[in-house]
Each structure stands twice: as structure tokens, then as C-alpha cells.
$ cat work21.cif   # mmCIF, C-alpha atoms
data_protein
#
loop_
_atom_site.group_PDB
_atom_site.id
_atom_site.type_symbol
_atom_site.label_atom_id
_atom_site.label_comp_id
_atom_site.auth_asym_id
_atom_site.auth_seq_id
_atom_site.Cartn_x
_atom_site.Cartn_y
_atom_site.Cartn_z
ATOM 1 C CA MET R 1 0.000 0.000 0.000
ATOM 2 C CA ALA R 2 1.442 3.363 -1.050
ATOM 3 C CA LYS R 3 2.093 5.942 1.657
ATOM 4 C CA SER R 4 2.036 9.705 1.374
ATOM 5 C CA VAL R 5 5.371 11.129 2.585
ATOM 6 C CA ARG R 6 6.256 14.783 3.221
ATOM 7 C CA CYS R 7 8.718 16.076 0.612
ATOM 8 C CA PRO R 8 11.913 17.876 1.724
ATOM 9 C CA CYS R 9 11.296 20.697 -0.789
ATOM 10 C CA HIS R 10 8.402 22.112 1.309
ATOM 11 C CA GLY R 11 6.233 22.654 -1.781
ATOM 12 C CA ASN R 12 8.672 24.155 -4.279
ATOM 13 C CA PRO R 13 7.162 23.881 -7.801
ATOM 14 C CA ALA R 14 10.620 23.119 -9.285
ATOM 15 C CA CYS R 15 10.750 19.807 -7.406
ATOM 16 C CA LYS R 16 10.485 16.765 -9.686
ATOM 17 C CA LEU R 17 9.574 14.451 -6.810
ATOM 18 C CA CYS R 18 6.315 16.069 -5.672
ATOM 19 C CA ALA R 19 5.816 18.818 -8.324
ATOM 20 C CA GLY R 20 5.103 21.354 -5.573
ATOM 21 C CA THR R 21 2.364 19.410 -3.764
ATOM 22 C CA LYS R 22 4.483 18.951 -0.567
ATOM 23 C CA PHE R 23 3.830 15.173 -0.531
ATOM 24 C CA TYR R 24 4.829 12.225 -2.722
ATOM 25 C CA GLU R 25 3.630 8.648 -2.869
ATOM 26 C CA TYR R 26 6.050 5.938 -1.744
ATOM 27 C CA GLN R 27 5.539 2.184 -1.857
ATOM 28 C CA PRO R 28 7.723 0.419 0.762
ATOM 29 C CA SER R 29 9.410 -2.692 -0.600
ATOM 30 C CA ASP R 30 9.530 -6.059 1.110
ATOM 31 C CA ARG R 31 12.787 -4.839 2.746
ATOM 32 C CA GLY R 32 11.105 -1.722 4.147
ATOM 33 C CA TRP R 33 11.687 1.986 3.586
ATOM 34 C CA LEU R 34 14.761 2.276 1.371
ATOM 35 C CA PRO R 35 16.509 5.527 0.375
ATOM 36 C CA PHE R 36 16.480 6.412 -3.316
ATOM 37 C CA ARG R 37 18.239 8.836 -5.661
ATOM 38 C CA CYS R 38 16.838 12.364 -5.899
ATOM 39 C CA PRO R 39 15.000 12.810 -9.217
ATOM 40 C CA THR R 40 15.547 16.591 -9.293
ATOM 41 C CA CYS R 41 19.358 16.503 -9.307
ATOM 42 C CA ALA R 42 19.822 13.025 -10.814
ATOM 43 C CA ASP R 43 21.347 14.489 -13.982
ATOM 44 C CA ALA R 44 23.387 17.254 -12.259
ATOM 45 C CA LYS R 45 26.950 17.373 -13.531
ATOM 46 C CA SER R 46 28.621 19.502 -10.872
ATOM 47 C CA ALA R 47 28.637 19.730 -7.098
ATOM 48 C CA GLN R 48 27.260 23.276 -7.303
ATOM 49 C CA GLU R 49 24.187 22.067 -9.197
ATOM 50 C CA ARG R 50 23.621 19.357 -6.580
ATOM 51 C CA GLN R 51 23.971 21.874 -3.711
ATOM 52 C CA ALA R 52 21.353 24.085 -5.384
ATOM 53 C CA CYS R 53 18.849 21.221 -5.592
ATOM 54 C CA VAL R 54 15.498 22.255 -4.103
ATOM 55 C CA THR R 55 14.598 18.682 -3.173
ATOM 56 C CA CYS R 56 17.611 17.077 -1.459
ATOM 57 C CA HIS R 57 19.748 20.224 -0.853
ATOM 58 C CA GLY R 58 22.895 18.433 -2.018
ATOM 59 C CA ALA R 59 22.412 15.108 -0.240
ATOM 60 C CA VAL R 60 21.740 13.359 -3.608
ATOM 61 C CA GLY R 61 19.431 10.875 -1.886
ATOM 62 C CA ILE R 62 15.956 10.939 -0.385
ATOM 63 C CA ASP R 63 15.217 8.894 2.730
ATOM 64 C CA PRO R 64 11.454 8.297 2.973
ATOM 65 C CA ALA R 65 11.865 6.833 6.473
ATOM 66 C CA ASN R 66 13.102 10.214 7.762
ATOM 67 C CA PRO R 67 10.842 12.937 6.287
ATOM 68 C CA PRO R 68 11.307 16.592 7.284
ATOM 69 C CA TYR R 69 9.357 17.921 10.251
ATOM 70 C CA ASP R 70 6.131 19.826 9.759
ATOM 71 C CA PRO R 71 6.892 23.468 10.579
ATOM 72 C CA GLY R 72 3.504 23.850 12.304
ATOM 73 C CA TRP R 73 2.457 22.844 15.795
ATOM 74 C CA MET R 74 2.176 19.138 14.845
ATOM 75 C CA GLY R 75 5.856 19.099 13.937
ATOM 76 C CA GLN R 76 6.730 20.615 17.296
ATOM 77 C CA ALA R 77 4.583 18.008 19.034
ATOM 78 C CA ARG R 78 6.493 15.271 17.186
ATOM 79 C CA VAL R 79 9.820 16.673 18.365
ATOM 80 C CA GLY R 80 8.522 16.861 21.939
ATOM 81 C CA TRP R 81 7.166 13.313 21.774
ATOM 82 C CA LYS R 82 10.535 11.983 20.597
ATOM 83 C CA PHE R 83 12.325 13.942 23.335
ATOM 84 C CA LEU R 84 10.086 12.593 26.086
ATOM 85 C CA PHE R 85 9.546 9.032 24.917
ATOM 86 C CA GLY R 86 12.482 8.333 22.602
ATOM 87 C CA GLY R 87 12.399 7.348 19.001
ATOM 88 C CA GLY R 88 14.529 7.427 15.920
#

$ encode --input "work21.cif" --output "C-alpha cells"
Amino acid sequence: MAKSVRCPCHGNPACKLCAGTKFYEYQPSDRGWLPFRCPTCADAKSAQERQACVTCHGAVGIDPANPPYDPGWMGQARVGWKFLFGGG
């Protein structure tokens, strides 16, 4: 079953992963949530082009198991929950 994952671009229309919708669909494999290559900077030829990537910000890979935090109050609640009760 495909899951909706928050995109690291935060809704930038130049992103090739979510096309500016802030979320992308990800289907976990039988091995779980595996990182994959960033589609926005996949054909970048220099390190400067990769650093300017709106999706991965130079990391070259996207890890769907570790999405960015929501900047709103729910994101802050998630940080507080992890602080109090642990979690990866």
C-alpha cells in the first residue's frame, strides 16, 4: 500500500519528486523503507548544481523513512514526543 510522505522541498514547484504538492507517494518494498536517488538533481553534472537542488539540498538521496518535520504545531509536538519518549 502506497504511503504519502512529506517532501523535503516544502512545496517548491521546481521539485520533480512532488511537483510542488508537498507530498509524494512511496511504496515500501519487502525490505522496508529504502533511500532512493533524488530525481531533481539526478542528472546534475557539478557539485554546485547538486547543492542548489530544491529537493535534497545536495544530499543526492531521499530517505522516505526520515521525512522533514512539519513546521507547524504538529511538527513541534512530534519533536517533543521523541524527546520525552524516545524514538529514531

$ atom_distance --input "work21.cif" --atom1 "atom CA of R:Ala42" --atom2 "atom CA of R:Val60"
7.5 Å

$ resolve_selection --input "work21.cif" --expression "the PyMOL selection byres ((chain R and resi 63) around 12)" --output "list in words"
Val5, Arg6, Cys7, Pro8, Tyr26, Pro28, Gly32, Trp33, Leu34, Pro35, Phe36, Arg37, Cys38, Thr55, Cys56, Ala59, Val60, Gly61, Ile62, Pro64, Ala65, Asn66, Pro67 and Pro68 of chain R

$ atom_distance --input "work21.cif" --atom1 "atom CA of R:His10" --atom2 "atom CA of R:Cys41"
16.3 Å

$ atom_distance --input "work21.cif" --atom1 "atom CA of R:Gly58" --atom2 "atom CA of R:Glu25"
21.6 Å

$ residues_around --input "work21.cif" --residues "R:Pro13" --least-positions-apart "5" --cutoff "10 Å" --atoms "all atoms listed in the file" --output "MDAnalysis selection string"
chainID R and resid 18:22 54
